[in-house]
Amino acid sequence: MNFIVGDIGNTSTRICLLNNRSKILRSVIFNTKNIFLRGYINKIFKKLFRKNVKKDILFSCVVPLAIQKIKSRLKKNKLNVLEIKKLNLKKLIKINIKNINQLGSDRIVNSIEGKKFYNCLIIDFGTATTFDIVRKGKYVGGVIAPGVKSSIKNLSQSTALLPLIDLKYNQKSYGKNTKDALNAGFVWGYEGLINNIINKITLNWKNDYKIILTGGYANLFKKIIKRKTTIDQNITIKGVSRVYRELL
């Protein structure tokens, strides 16, 4: 049977319909704030629901109020909404940190999916820029840095004359105008930040680690990361899907 999974982030939410081989059949992405609009969630699920769809729906979520709202909306339709941390994730991956409750669900499912590579580093360009490390099939920790888009937005909102910009990769020199100067600051600044964090993490690595990029700026920063990387924009949904198949 087909089934539905989703990822609720601070900025955006993605909900997908998958078949029994975990192939994505339908995908909807929207602003997380829309979850709180009257009737919005029911409209989304009308687009996703077809015959032969399981009643259990699984989410990774970093916005507790959002999943509570979805639960209350879908309860009337006799649908069972679950968050991944309600399941026994220890069956899927060993998490070597002090408090799993402090680890975002999106980062957990990314690591569960990345576990198949045995050793990997997952960089997610979301509201925050996160670096998560899977070593010998275990989650061993990570790094959280400011998100690119949120940093641009915060700078613009905090100043009277600096505009919002869309980053461009081909920054050849320092800026001759405000937009180019901002672009240089963010592209060159994050180039240094990202490569430095990767170097710090991989300093004592003796084995090859797969570096996976995901999130809004993955394509842009793949061009300036000095190590071999791969992009997987479905890694979070794949991780939630894996949890669904193995634990539900």
# chains A, B, ... in the order shown; residues from 1 in each chain; ligands from 1

$ residues_around --residues "Asp106 in chain A" --least-positions-apart "4" --cutoff "7 Å" --atoms "only C-alpha atoms" --output "NGL selection string"
:A and (60-61 or 110 or 236)

$ write_last_selection --atoms "N, CA and C atoms" --output "PDB file, in the first residue's frame"
ATOM      1  N   SER A  60       8.968  13.848  10.493  1.00  0.00           N
ATOM      2  CA  SER A  60      10.039  14.433  11.300  1.00  0.00           C
ATOM      3  C   SER A  60       9.629  15.880  11.492  1.00  0.00           C
ATOM      4  N   CYS A  61       9.846  16.424  12.684  1.00  0.00           N
ATOM      5  CA  CYS A  61       9.322  17.754  12.969  1.00  0.00           C
ATOM      6  C   CYS A  61      10.193  18.479  13.988  1.00  0.00           C
ATOM      7  N   ASN A 110      18.093  12.178   8.579  1.00  0.00           N
ATOM      8  CA  ASN A 110      19.187  12.317   7.610  1.00  0.00           C
ATOM      9  C   ASN A 110      20.298  11.315   7.913  1.00  0.00           C
ATOM     10  N   THR A 236      16.042  13.596   3.562  1.00  0.00           N
ATOM     11  CA  THR A 236      15.202  13.643   4.763  1.00  0.00           C
ATOM     12  C   THR A 236      13.952  12.799   4.576  1.00  0.00           C
TER      13      THR A 236
END

$ residues_around --residues "Lys91 in chain A" --least-positions-apart "5" --cutoff "10 Å" --atoms "only C-alpha atoms" --output "list in words"
Val243, Glu246 and Leu247 of chain A

$ write_last_selection --atoms "N, CA and C atoms" --output "CSV table (one decimal), in the first residue's frame"
chain,number,residue,atom,x,y,z
A,243,VAL,N,12.3,4.9,8.4
A,243,VAL,CA,11.8,4.7,9.7
A,243,VAL,C,10.4,4.1,9.6
A,246,GLU,N,10.4,0.4,8.6
A,246,GLU,CA,11.1,-0.6,9.5
A,246,GLU,C,10.5,-0.6,10.9
A,247,LEU,N,9.7,0.5,11.3
A,247,LEU,CA,9.2,0.6,12.6
A,247,LEU,C,7.7,0.7,12.7

$ closest_residue --among "A:Val63, A:Asn31, A:Lys55, A:Ile112" --to "Ser241 in chain A" --atoms "only C-alpha atoms"
A:Ile112

$ closest_residue --among "A:Arg50, A:Arg14, A:Arg21, A:Lys153" --to "Asn34 in chain A" --atoms "only C-alpha atoms"
A:Arg14

$ residues_around --residues "Leu25 in chain A" --least-positions-apart "3" --cutoff "10 Å" --atoms "only C-alpha atoms" --output "list in words"
Asn2, Phe3, Ile4, Cys16, Leu17, Leu18, Asn19, Ser22 and Leu48 of chain A

$ residues_around --residues "Ile122 in chain A" --least-positions-apart "5" --cutoff "10 Å" --atoms "only C-alpha atoms" --output "PyMOL selection string"
chain A and resi 107+110-111+114+130-134+142+210-214+229-232+235

$ atom_distance --atom1 "CA of Tyr169 in chain A" --atom2 "CA of Leu182 in chain A"
12.3 Å

$ atom_distance --atom1 "CA of Asn177 in chain A" --atom2 "CA of Pro146 in chain A"
24.8 Å

$ atom_distance --atom1 "CA of Lys98 in chain A" --atom2 "CA of Lys138 in chain A"
13.9 Å

$ closest_residue --among "A:Lys136, A:Lys115, A:Arg38, A:Lys206" --to "Lys238 in chain A" --atoms "only C-alpha atoms"
A:Lys115

$ residues_around --residues "Leu220 in chain A" --least-positions-apart "6" --cutoff "12 Å" --atoms "only C-alpha atoms" --output "list in words"
Phe125, Val148, Asp166, Leu167, Lys168, Tyr169, Asn170, Gln171, Phe186, Val187, Trp188, Tyr190, Glu191, Leu213, Thr214 and Ile231 of chain A

$ residues_around --residues "Tyr209 in chain A" --least-positions-apart "6" --cutoff "7 Å" --atoms "only C-alpha atoms" --output "JSON, numbers by chain"
{"A": [119, 120, 121]}

$ residues_around --residues "Tyr174 in chain A" --least-positions-apart "3" --cutoff "9 Å" --atoms "only C-alpha atoms" --output "ChimeraX atom specification"
/A:171,180-181,183-185

$ write_last_selection --atoms "N, CA and C atoms" --output "short mmCIF file (atom, residue, chain, number, x, y, z; two decimals), in the first residue's frame"
data_model
loop_
_atom_site.label_atom_id
_atom_site.label_comp_id
_atom_site.auth_asym_id
_atom_site.auth_seq_id
_atom_site.Cartn_x
_atom_site.Cartn_y
_atom_site.Cartn_z
N GLN A 171 31.13 35.27 -8.11
CA GLN A 171 31.68 36.48 -7.49
C GLN A 171 33.17 36.54 -7.81
N ASP A 180 26.69 43.67 -4.85
CA ASP A 180 27.88 42.85 -5.09
C ASP A 180 28.73 42.71 -3.83
N ALA A 181 28.76 43.78 -3.02
CA ALA A 181 29.51 43.71 -1.77
C ALA A 181 28.86 42.71 -0.80
N ASN A 183 26.94 40.16 -1.75
CA ASN A 183 27.14 38.83 -2.34
C ASN A 183 28.53 38.30 -2.04
N ALA A 184 29.54 39.17 -2.15
CA ALA A 184 30.92 38.76 -1.84
C ALA A 184 31.03 38.35 -0.38
N GLY A 185 30.43 39.12 0.50
CA GLY A 185 30.51 38.80 1.93
C GLY A 185 29.90 37.46 2.26
#

$ select_by_dssp --residues "range 9-210 of chain A" --states "helix (DSSP H, G or I)" --output "ChimeraX atom specification"
/A:32-36,40-48,64-75,84-86,89-91,100-102,105-117,148-158,178-202

$ closest_residue --among "A:Met1, A:Val28, A:Ile201, A:Ile93" --to "Lys51 in chain A" --atoms "only C-alpha atoms"
A:Met1

$ closest_residue --among "A:Lys179, A:Asn96, A:Lys172, A:Ser105" --to "Gly141 in chain A" --atoms "only C-alpha atoms"
A:Asn96

$ select_by_dssp --residues "range 50-153 of chain A" --states "strand (DSSP E or B)" --output "ChimeraX atom specification"
/A:53-61,80-83,94-95,120-125,128-135,138-146

$ closest_residue --among "A:Asn219, A:Ser12, A:Thr32, A:Asn77" --to "Lys46 in chain A" --atoms "only C-alpha atoms"
A:Asn77
